[in-house]
Amino acid sequence: MDKQSAEKRVQELHELLNTYNYEYHVLDKPSVPDSEYDQRLHELLTIEAEFTELKTPDSPTQRVGGSILDAFQKVVHNTPMLSLGNAFNEQDLRDFDRRVRQAVGDDVQYVVELKIDGLAVSLRYENGLFVQAATRGDGTTGEDITENVKTIRSIPLRLKNAVTLEVRGEVFMPKKSFETLNELRLQAEEEPFANPRNAAAGSIRQLDPKIAAKRNLDIFLYSIADLGGTGIERHSEALDYLEKEGFKTNAERKKCETIEEVLSVIEGISEKRANLSYDIDGIVIKVDSLAQQEELGFTAKSPRWAIAYKFPAEEVMTKLLDIELSVGRTGVITPTAILEPVRVAGTTVQRASLHNEDLIREKDIKIGDTVVVKKAGDIIPEVVNVLTEQRTGEEKTFTMPTHCPACESELVRIEGEVALRCINPQCPAQITEGLIHFVSRNAMNIDGLGERVVIQLFQAGLIKDVADLYRLTRDQLLQLERMGEKSTDNLLKAIEQSKDNSLERLLFGLGIRHVGAKAAKTLAQNFETIEQLQEATVEQLIAINEIGDKMADAIHTYFQNPDVQHLIQELQSLGVNTSYKGPKLVKVEDSDSYLAGKTVVLTGKLEQMSRNEAKEGIEALGGKVTGSVSKSTDLVVAGEAAGSKLKKAEELQIEVWDEARLIEEMKK
Ligand code: IVH
């Protein structure tokens, strides 16, 4: 075969195979037997082997999975990937409808869709060619999973038109594929996956795309990330458009005019749920008009124009075998129910927190009871109630101890609190929990220092406080159970690295009452060094926006403690960094920009930079970026095809800039 005829045949085969693929995986209507597909694919592979230059990134042969990766690269999303607010009952849905109508008036249409239980992905196409897929991650930054996503047959590698766009959807594993996969895993003596969602997530995070290729993943697309400039005016149109470009969307969607209609569609879907070939965990209700969506805007975490109705959690019965007590980092004693192992919502549950004594009384829980268990928010096991009619008389009433189960000192109940507390600062359980917290991921993030190792180190007398971690030697670590040379060296390296952490990690790790990770960051940004924070008065602390009275008091009291002061000195002399290393907080008075202290809203499509870059740029000049236009907005930056926000700005006579004007300000 000469080059020219090869080129022509490759072209033909691409078209044929793409059509077969589309018919089979998107339309679910194959027109040829599998053997025909296989033969054509084989033919294409043969030509590509001879004329390697004809092997293009969108070739159907690329779906078998490329070479193994070392790690996933990070991807910063151009538009953040948000999540949805939840509705758990009819009332929540009616409240949502009321809020929507209050904001945009009575002329509202909703689109009701299935909430697919998989994992969110973002797909990027440039000039019609699939170029990148990313996971949601924390919403701002995800991971590059392009190679694995390529293997999903229902994803087009080339679109019908040469458009550039970013689309979002849910990757899932059909129920059948999940069952087959688990059977195979059991045969191979591998751990089965708990549910199709975990199986899909595990497959997408495989470093070897060939494994992902075998996992039979599928996808439904549900939105276009940035519609600016497309001329599309409704969410339902966006879905139709996706279909036209060759994407798989879920046909089970319905337009509704009233909340009554929405409720009856939900009822219909709930009945059909078990017969679907894939798992859904709820139903999504979205405002159809994009102009209204823009008007409604977003809260910090989710859009105001959509809500997810979550199905009630599955409830099962089991026996409560015992109640165990644990002592937390702050000395709180928590009772935990030990349950006869039972499957609920996809995993086996054998423990459930009972929180405190009052809850045990309220629910009248006794040891030996038959109880109803569910997973709150589908994750955290919870005892719902006791089936008292099943009692035999053998059940035992549980009473909280008067003394700490770890150190035997007398427990106290602090006024106004339900919890019983051990107030002995030397209590070994509290100290180990504190150490575990200090090394944990959001605190000092010391890899390789799990609970087991911390407990061993404490019991061996090698660490008494967090400073001791930085005094550990190689020989000491090697003496521990299951610590080889390699893990010891890795651990020492991780400990060493943690010395360079920015101040907020240390602040969170110290476990100051009421100070969570977010407050720690605020404190670090505002005070910059631990010395300045130590010297801060309660008034200075309260003056910071996100710090309330209770927290300010706790912080001040904490740093007055001579033991704490000594500990900080020790950490410093061991080389632990105590300064803030992140981006500087720009104080309004320190910025001479026009944007200092101004509240800015971004709208429309920006051409020169992403929304995120614009936001960071404005913040670096002392401005604040918010989502919706109101009387307190000082400035609106309008890109291409800006819609209702721009209109509102004009109505309210708010100053409007274009992108070029913003760039000019940023360059000053
Ligand atoms: S819309 C701004 N539609 O549910 C958020 N999400 O908490 C846009 N999901 O992360 C999401 N099916 O992973 C949307 N039909 C659907 C969905 C859906 C499943 C997932 C998605 C998202 C989460 C929302």
# chains A, B, ... in the order shown; residues from 1 in each chain; ligands from 1
>>> closest_atom_pairs(of="stretch 124-220 of chain A", to="stretch 273-293 of chain A", cutoff="10 Å", atoms="only C-alpha atoms", output="tab-separated table")
residue	atom	partner	partner_atom	distance
A:Phe172	CA	A:Tyr278	CA	7.7
A:Met173	CA	A:Tyr278	CA	7.0
A:Pro174	CA	A:Tyr278	CA	4.6
A:Lys175	CA	A:Tyr278	CA	5.1
A:Lys176	CA	A:Ser277	CA	7.3
A:Ser177	CA	A:Tyr278	CA	9.6
A:Phe178	CA	A:Tyr278	CA	9.5
A:Asn195	CA	A:Asp279	CA	9.3
A:Pro196	CA	A:Asp279	CA	7.4
A:Arg197	CA	A:Asp279	CA	8.1
A:Asp218	CA	A:Tyr278	CA	9.8
>>> write_last_selection(atoms="all heavy atoms", output="CSV table (one decimal), in the first residue's frame")
chain,number,residue,atom,x,y,z
A,172,PHE,N,-19.0,6.9,35.4
A,172,PHE,CA,-19.6,5.9,36.3
A,172,PHE,C,-19.3,4.5,35.8
A,172,PHE,O,-18.8,4.4,34.6
A,172,PHE,CB,-21.1,6.1,36.5
A,172,PHE,CG,-21.8,5.9,35.2
A,172,PHE,CD1,-22.4,4.7,34.9
A,172,PHE,CD2,-21.9,6.9,34.2
A,172,PHE,CE1,-23.1,4.5,33.7
A,172,PHE,CE2,-22.6,6.8,33.0
A,172,PHE,CZ,-23.2,5.5,32.7
A,173,MET,N,-19.5,3.5,36.6
A,173,MET,CA,-19.4,2.1,36.2
A,173,MET,C,-20.8,1.5,36.2
A,173,MET,O,-21.5,1.5,37.3
A,173,MET,CB,-18.5,1.4,37.1
A,173,MET,CG,-18.2,0.0,36.5
A,173,MET,SD,-17.0,-1.0,37.6
A,173,MET,CE,-15.5,-0.2,37.2
A,174,PRO,N,-21.3,1.0,35.1
A,174,PRO,CA,-22.6,0.4,35.1
A,174,PRO,C,-22.7,-0.8,36.1
A,174,PRO,O,-21.7,-1.4,36.4
A,174,PRO,CB,-22.8,-0.2,33.7
A,174,PRO,CG,-21.8,0.6,32.9
A,174,PRO,CD,-20.7,0.9,33.8
A,175,LYS,N,-23.9,-1.0,36.7
A,175,LYS,CA,-24.0,-2.0,37.8
A,175,LYS,C,-23.5,-3.4,37.3
A,175,LYS,O,-22.8,-4.1,38.1
A,175,LYS,CB,-25.5,-2.2,38.1
A,175,LYS,CG,-26.1,-1.0,38.9
A,175,LYS,CD,-27.5,-1.3,39.3
A,175,LYS,CE,-28.3,-0.1,39.7
A,175,LYS,NZ,-29.7,-0.3,39.7
A,176,LYS,N,-23.8,-3.8,36.1
A,176,LYS,CA,-23.4,-5.1,35.6
A,176,LYS,C,-21.9,-5.2,35.5
A,176,LYS,O,-21.3,-6.2,36.0
A,176,LYS,CB,-23.9,-5.3,34.1
A,176,LYS,CG,-25.3,-6.0,34.0
A,176,LYS,CD,-25.1,-7.3,33.2
A,176,LYS,CE,-26.4,-8.1,33.3
A,176,LYS,NZ,-27.6,-7.3,32.8
A,177,SER,N,-21.2,-4.2,35.0
A,177,SER,CA,-19.8,-4.2,34.9
A,177,SER,C,-19.1,-4.3,36.3
A,177,SER,O,-18.1,-5.0,36.5
A,177,SER,CB,-19.3,-2.9,34.2
A,177,SER,OG,-20.0,-2.7,33.1
A,178,PHE,N,-19.8,-3.6,37.2
A,178,PHE,CA,-19.3,-3.6,38.6
A,178,PHE,C,-19.3,-5.0,39.2
A,178,PHE,O,-18.4,-5.5,39.8
A,178,PHE,CB,-20.1,-2.7,39.5
A,178,PHE,CG,-20.0,-2.8,40.9
A,178,PHE,CD1,-18.8,-2.5,41.6
A,178,PHE,CD2,-21.0,-3.4,41.7
A,178,PHE,CE1,-18.7,-2.6,43.0
A,178,PHE,CE2,-20.9,-3.6,43.0
A,178,PHE,CZ,-19.7,-3.2,43.7
A,195,ASN,N,-18.6,-0.4,46.1
A,195,ASN,CA,-19.8,0.0,45.3
A,195,ASN,C,-19.3,0.5,43.9
A,195,ASN,O,-18.1,0.7,43.8
A,195,ASN,CB,-20.6,1.1,46.0
A,195,ASN,CG,-19.7,2.2,46.5
A,195,ASN,OD1,-18.9,2.7,45.8
A,195,ASN,ND2,-19.9,2.6,47.7
A,196,PRO,N,-20.2,0.6,43.0
A,196,PRO,CA,-19.8,1.1,41.6
A,196,PRO,C,-19.1,2.4,41.6
A,196,PRO,O,-18.1,2.6,40.8
A,196,PRO,CB,-21.1,1.2,40.9
A,196,PRO,CG,-22.0,0.2,41.5
A,196,PRO,CD,-21.7,0.3,43.0
A,197,ARG,N,-19.4,3.3,42.5
A,197,ARG,CA,-18.8,4.6,42.5
A,197,ARG,C,-17.3,4.4,42.9
A,197,ARG,O,-16.4,5.0,42.2
A,197,ARG,CB,-19.4,5.6,43.5
A,197,ARG,CG,-18.6,6.9,43.6
A,197,ARG,CD,-19.4,8.0,44.3
A,197,ARG,NE,-20.3,7.5,45.3
A,197,ARG,CZ,-19.9,7.3,46.6
A,197,ARG,NH1,-18.7,7.5,46.9
A,197,ARG,NH2,-20.8,6.9,47.5
A,218,ASP,N,-18.2,4.4,31.8
A,218,ASP,CA,-19.1,5.1,30.9
A,218,ASP,C,-19.2,6.6,31.5
A,218,ASP,O,-18.7,6.9,32.6
A,218,ASP,CB,-20.4,4.4,30.9
A,218,ASP,CG,-21.1,4.7,29.5
A,218,ASP,OD1,-20.8,5.7,28.9
A,218,ASP,OD2,-22.0,3.9,29.2
>>> residues_around(residues="A:Glu245", least_positions_apart="5", cutoff="12 Å", atoms="only C-alpha atoms", output="CSV table (one decimal) with N, CA and C atoms, in the first residue's frame")
chain,number,residue,atom,x,y,z
A,22,TYR,N,-19.9,5.2,18.3
A,22,TYR,CA,-21.0,6.1,18.7
A,22,TYR,C,-22.3,5.3,18.7
A,26,VAL,N,-22.9,5.3,22.6
A,26,VAL,CA,-23.7,6.5,22.9
A,26,VAL,C,-25.2,6.2,22.7
A,125,TYR,N,-11.8,20.3,24.9
A,125,TYR,CA,-11.6,20.1,23.5
A,125,TYR,C,-11.1,21.4,22.9
A,128,GLY,N,-12.1,21.0,18.3
A,128,GLY,CA,-12.8,19.8,18.1
A,128,GLY,C,-12.1,18.6,18.6
A,129,LEU,N,-10.8,18.7,19.0
A,129,LEU,CA,-10.0,17.6,19.4
A,129,LEU,C,-10.0,17.4,20.9
A,155,ILE,N,-16.9,8.5,25.0
A,155,ILE,CA,-16.3,9.9,24.8
A,155,ILE,C,-15.8,10.1,23.4
A,156,PRO,N,-16.3,11.1,22.7
A,156,PRO,CA,-15.7,11.4,21.4
A,156,PRO,C,-14.3,11.9,21.5
A,157,LEU,N,-13.4,11.4,20.7
A,157,LEU,CA,-12.0,11.9,20.7
A,157,LEU,C,-12.0,13.1,19.7
A,158,ARG,N,-13.0,13.2,18.8
A,158,ARG,CA,-13.1,14.4,17.9
A,158,ARG,C,-14.6,14.7,17.8
A,159,LEU,N,-14.9,16.0,17.9
A,159,LEU,CA,-16.3,16.4,17.9
A,159,LEU,C,-16.7,16.6,16.4
A,160,LYS,N,-18.0,16.8,16.2
A,160,LYS,CA,-18.5,17.0,14.9
A,160,LYS,C,-18.0,18.3,14.3
A,161,ASN,N,-17.9,19.3,15.1
A,161,ASN,CA,-17.4,20.6,14.7
A,161,ASN,C,-16.1,21.0,15.4
A,162,ALA,N,-15.3,21.8,14.7
A,162,ALA,CA,-14.0,22.1,15.3
A,162,ALA,C,-14.1,23.2,16.4
A,163,VAL,N,-14.9,22.9,17.4
A,163,VAL,CA,-15.1,23.9,18.5
A,163,VAL,C,-14.2,23.7,19.6
A,164,THR,N,-13.9,24.8,20.4
A,164,THR,CA,-13.1,24.8,21.6
A,164,THR,C,-14.0,24.9,22.7
A,165,LEU,N,-14.1,23.9,23.6
A,165,LEU,CA,-15.0,24.0,24.8
A,165,LEU,C,-14.6,23.1,25.9
A,167,VAL,N,-16.3,20.7,28.8
A,167,VAL,CA,-17.6,20.1,29.2
A,167,VAL,C,-17.4,19.3,30.5
A,221,LEU,N,-22.6,13.4,30.1
A,221,LEU,CA,-22.2,14.8,30.2
A,221,LEU,C,-23.4,15.6,30.7
A,224,ILE,N,-21.8,22.5,30.1
A,224,ILE,CA,-20.7,23.1,29.4
A,224,ILE,C,-20.1,24.2,30.4
A,238,ALA,N,-28.1,23.6,26.0
A,238,ALA,CA,-26.7,23.1,26.1
A,238,ALA,C,-26.7,21.6,26.1
A,239,LEU,N,-27.6,20.9,26.7
A,239,LEU,CA,-27.6,19.5,26.6
A,239,LEU,C,-27.9,19.0,25.2
A,240,ASP,N,-28.8,19.6,24.5
A,240,ASP,CA,-29.1,19.2,23.1
A,240,ASP,C,-27.8,19.5,22.3
>>> closest_residue(among="A:Gly448, A:Pro303, A:Gly231, A:Gly105", to="ligand 1", atoms="only C-alpha atoms and all ligand atoms")
A:Pro303
>>> residues_around(residues="A:Leu541", least_positions_apart="2", cutoff="10 Å", atoms="only C-alpha atoms", output="VMD selection string")
chain A and resid 523 526 to 527 533 536 to 539 543 to 549 551 to 553 555 to 556
>>> select_by_dssp(residues="stretch 379-560 of chain A", states="alpha helix (DSSP H)", output="mmCIF file with C-alpha atoms, in the first residue's frame")
data_model
loop_
_atom_site.group_PDB
_atom_site.id
_atom_site.type_symbol
_atom_site.label_atom_id
_atom_site.label_comp_id
_atom_site.auth_asym_id
_atom_site.auth_seq_id
_atom_site.Cartn_x
_atom_site.Cartn_y
_atom_site.Cartn_z
ATOM 1 C CA PRO A 428 -1.765 9.601 77.698
ATOM 2 C CA ALA A 429 -4.817 9.204 75.454
ATOM 3 C CA GLN A 430 -5.128 12.957 74.984
ATOM 4 C CA ILE A 431 -1.427 13.320 74.319
ATOM 5 C CA THR A 432 -1.383 10.588 71.666
ATOM 6 C CA GLU A 433 -4.492 11.993 69.998
ATOM 7 C CA GLY A 434 -2.822 15.419 69.999
ATOM 8 C CA LEU A 435 0.297 13.958 68.417
ATOM 9 C CA ILE A 436 -1.769 12.158 65.787
ATOM 10 C CA HIS A 437 -3.504 15.432 65.002
ATOM 11 C CA PHE A 438 -0.184 17.298 64.797
ATOM 12 C CA VAL A 439 1.210 15.002 62.094
ATOM 13 C CA GLU A 451 -1.597 6.346 64.200
ATOM 14 C CA ARG A 452 0.123 3.013 64.754
ATOM 15 C CA VAL A 453 3.638 4.491 64.671
ATOM 16 C CA VAL A 454 2.684 7.465 66.864
ATOM 17 C CA ILE A 455 1.217 5.137 69.497
ATOM 18 C CA GLN A 456 4.308 2.934 69.397
ATOM 19 C CA LEU A 457 6.624 5.929 69.746
ATOM 20 C CA PHE A 458 4.622 7.254 72.667
ATOM 21 C CA GLN A 459 4.441 3.918 74.431
ATOM 22 C CA VAL A 466 5.362 17.399 69.509
ATOM 23 C CA ALA A 467 8.864 18.829 69.904
ATOM 24 C CA ASP A 468 10.182 15.323 70.596
ATOM 25 C CA LEU A 469 9.216 14.338 67.039
ATOM 26 C CA ARG A 474 17.415 6.788 63.019
ATOM 27 C CA ASP A 475 18.393 4.166 65.618
ATOM 28 C CA GLN A 476 15.324 4.852 67.719
ATOM 29 C CA LEU A 477 13.016 4.443 64.754
ATOM 30 C CA LEU A 478 14.704 1.251 63.593
ATOM 31 C CA GLU A 485 15.579 0.978 56.787
ATOM 32 C CA LYS A 486 13.672 2.426 53.890
ATOM 33 C CA SER A 487 10.580 3.475 55.810
ATOM 34 C CA THR A 488 12.785 4.924 58.552
ATOM 35 C CA ASP A 489 14.703 7.054 56.072
ATOM 36 C CA ASN A 490 11.501 8.165 54.399
ATOM 37 C CA LEU A 491 9.993 9.085 57.746
ATOM 38 C CA LEU A 492 13.049 11.075 58.816
ATOM 39 C CA LYS A 493 12.913 12.918 55.514
ATOM 40 C CA ALA A 494 9.216 13.686 55.960
ATOM 41 C CA ILE A 495 9.827 14.983 59.501
ATOM 42 C CA GLU A 496 12.679 17.149 58.226
ATOM 43 C CA GLN A 497 10.541 18.510 55.401
ATOM 44 C CA SER A 498 7.723 19.404 57.772
ATOM 45 C CA LEU A 503 2.848 28.840 59.912
ATOM 46 C CA GLU A 504 -0.826 27.882 59.396
ATOM 47 C CA ARG A 505 -0.010 24.174 59.450
ATOM 48 C CA LEU A 506 1.779 24.511 62.781
ATOM 49 C CA LEU A 507 -1.048 26.613 64.236
ATOM 50 C CA PHE A 508 -3.661 24.071 63.222
ATOM 51 C CA GLY A 509 -1.459 21.199 64.387
ATOM 52 C CA LEU A 510 -1.027 22.659 67.870
ATOM 53 C CA ALA A 517 -7.600 24.740 59.467
ATOM 54 C CA LYS A 518 -9.328 27.745 57.960
ATOM 55 C CA ALA A 519 -8.990 29.940 61.053
ATOM 56 C CA ALA A 520 -5.333 28.894 61.306
ATOM 57 C CA LYS A 521 -4.782 30.198 57.785
ATOM 58 C CA THR A 522 -6.493 33.483 58.597
ATOM 59 C CA LEU A 523 -4.353 33.922 61.709
ATOM 60 C CA ALA A 524 -1.152 33.110 59.851
ATOM 61 C CA GLN A 525 -1.987 35.529 57.044
ATOM 62 C CA ASN A 526 -2.846 38.332 59.426
ATOM 63 C CA PHE A 527 -0.020 37.986 61.938
ATOM 64 C CA ILE A 530 4.100 33.251 65.741
ATOM 65 C CA GLU A 531 5.677 35.994 67.888
ATOM 66 C CA GLN A 532 3.223 38.570 66.597
ATOM 67 C CA LEU A 533 0.343 36.215 67.187
ATOM 68 C CA GLN A 534 1.571 35.458 70.732
ATOM 69 C CA VAL A 538 -8.040 39.761 72.413
ATOM 70 C CA GLU A 539 -9.173 43.037 70.800
ATOM 71 C CA GLN A 540 -6.663 42.694 67.982
ATOM 72 C CA LEU A 541 -7.832 39.150 67.388
ATOM 73 C CA ILE A 542 -11.504 40.043 67.321
ATOM 74 C CA ASP A 549 -15.050 36.186 70.719
ATOM 75 C CA LYS A 550 -14.797 32.565 71.736
ATOM 76 C CA MET A 551 -11.911 31.832 69.422
ATOM 77 C CA ALA A 552 -10.085 35.027 70.317
ATOM 78 C CA ASP A 553 -10.285 34.128 74.003
ATOM 79 C CA ALA A 554 -9.087 30.591 73.381
ATOM 80 C CA ILE A 555 -6.110 31.793 71.323
ATOM 81 C CA HIS A 556 -5.117 34.419 73.870
ATOM 82 C CA THR A 557 -5.379 32.005 76.808
ATOM 83 C CA TYR A 558 -3.431 29.369 74.903
ATOM 84 C CA PHE A 559 -0.434 31.593 74.267
ATOM 85 C CA GLN A 560 -0.389 32.879 77.886
#
>>> closest_atom_pairs(of="chain A", to="ligand 1", cutoff="6 Å", atoms="only C-alpha atoms and all ligand atoms", output="tab-separated table")
residue	atom	partner	partner_atom_place_in_ligand_line	distance
A:Leu82	CA	ligand 1	2 (C)	4.5
A:Ser83	CA	ligand 1	7 (O)	3.5
A:Leu84	CA	ligand 1	7 (O)	3.8
A:Glu113	CA	ligand 1	15 (N)	5.2
A:Leu114	CA	ligand 1	15 (N)	5.2
A:Lys115	CA	ligand 1	12 (N)	3.5
A:Ile116	CA	ligand 1	12 (N)	4.1
A:Asp117	CA	ligand 1	19 (C)	6.0
A:Leu119	CA	ligand 1	13 (O)	5.1
A:Ala120	CA	ligand 1	13 (O)	3.8
A:Glu170	CA	ligand 1	13 (O)	5.6
A:Tyr222	CA	ligand 1	15 (N)	5.3
A:Val284	CA	ligand 1	15 (N)	5.7
A:Ser302	CA	ligand 1	2 (C)	5.8
A:Pro303	CA	ligand 1	2 (C)	5.6
>>> write_last_selection(atoms="N, CA, C and O atoms", output="compact mmCIF listing (two decimals), in the first residue's frame")
# COMPACT_ATOMS: atom_id res chain seq x y z
N LEU A 82 -17.86 23.23 41.07
CA LEU A 82 -18.56 23.36 42.34
C LEU A 82 -19.39 22.12 42.63
O LEU A 82 -19.53 21.24 41.78
N SER A 83 -19.96 22.08 43.82
CA SER A 83 -20.89 20.98 44.09
C SER A 83 -22.27 21.59 44.32
O SER A 83 -22.44 22.81 44.31
N LEU A 84 -23.25 20.74 44.54
CA LEU A 84 -24.62 21.22 44.68
C LEU A 84 -25.06 21.22 46.13
O LEU A 84 -24.63 20.38 46.92
N GLU A 113 -33.03 16.28 36.34
CA GLU A 113 -32.12 15.27 35.79
C GLU A 113 -31.74 14.25 36.85
O GLU A 113 -31.89 14.50 38.03
N LEU A 114 -31.19 13.14 36.41
CA LEU A 114 -30.70 12.15 37.37
C LEU A 114 -29.37 12.62 37.94
O LEU A 114 -28.57 13.22 37.24
N LYS A 115 -29.17 12.33 39.22
CA LYS A 115 -27.86 12.60 39.81
C LYS A 115 -27.07 11.30 39.76
O LYS A 115 -27.30 10.38 40.56
N ILE A 116 -26.19 11.21 38.80
CA ILE A 116 -25.43 9.98 38.56
C ILE A 116 -24.41 9.80 39.68
O ILE A 116 -23.71 10.75 40.04
N ASP A 117 -24.33 8.59 40.23
CA ASP A 117 -23.42 8.36 41.35
C ASP A 117 -22.06 7.87 40.85
O ASP A 117 -21.78 6.68 40.82
N LEU A 119 -18.08 9.97 39.47
CA LEU A 119 -17.19 11.06 39.84
C LEU A 119 -17.17 12.10 38.75
O LEU A 119 -17.23 11.77 37.56
N ALA A 120 -17.10 13.36 39.19
CA ALA A 120 -17.19 14.47 38.24
C ALA A 120 -15.88 14.60 37.47
O ALA A 120 -14.80 14.47 38.05
N GLU A 170 -20.28 13.11 34.49
CA GLU A 170 -20.05 12.15 35.56
C GLU A 170 -19.61 10.82 34.95
O GLU A 170 -20.32 10.23 34.14
N TYR A 222 -23.21 16.60 31.55
CA TYR A 222 -24.35 17.37 32.03
C TYR A 222 -24.19 18.89 31.96
O TYR A 222 -25.10 19.62 32.32
N VAL A 284 -31.25 15.96 40.28
CA VAL A 284 -30.81 17.35 40.26
C VAL A 284 -31.88 18.22 39.62
O VAL A 284 -32.43 17.86 38.58
N SER A 302 -21.79 26.54 46.16
CA SER A 302 -22.67 25.94 45.16
C SER A 302 -23.59 26.96 44.51
O SER A 302 -23.83 28.04 45.07
N PRO A 303 -24.12 26.61 43.33
CA PRO A 303 -25.00 27.55 42.63
C PRO A 303 -26.34 27.69 43.34
O PRO A 303 -26.83 26.74 43.94
>>> residues_around(residues="A:Lys396", least_positions_apart="3", cutoff="8 Å", atoms="only C-alpha atoms", output="mmCIF file with N, CA, C and O atoms, in the first residue's frame")
data_model
loop_
_atom_site.group_PDB
_atom_site.id
_atom_site.type_symbol
_atom_site.label_atom_id
_atom_site.label_comp_id
_atom_site.auth_asym_id
_atom_site.auth_seq_id
_atom_site.Cartn_x
_atom_site.Cartn_y
_atom_site.Cartn_z
ATOM 1 N N LYS A 366 -29.544 0.401 74.902
ATOM 2 C CA LYS A 366 -28.950 -0.513 75.881
ATOM 3 C C LYS A 366 -28.040 -1.505 75.172
ATOM 4 O O LYS A 366 -28.239 -1.783 73.985
ATOM 5 N N ILE A 367 -27.067 -2.034 75.896
ATOM 6 C CA ILE A 367 -26.174 -3.028 75.289
ATOM 7 C C ILE A 367 -26.964 -4.312 75.060
ATOM 8 O O ILE A 367 -27.659 -4.786 75.963
ATOM 9 N N GLY A 368 -26.885 -4.839 73.834
ATOM 10 C CA GLY A 368 -27.650 -6.039 73.487
ATOM 11 C C GLY A 368 -28.897 -5.725 72.677
ATOM 12 O O GLY A 368 -29.566 -6.629 72.185
#
>>> atom_distance(atom1="atom CA of A:Ser628", atom2="atom CA of A:Glu607")
20.7 Å
>>> select_by_dssp(residues="stretch 416-584 of chain A", states="strand (DSSP E or B)", output="ChimeraX atom specification")
/A:420-422,529,579
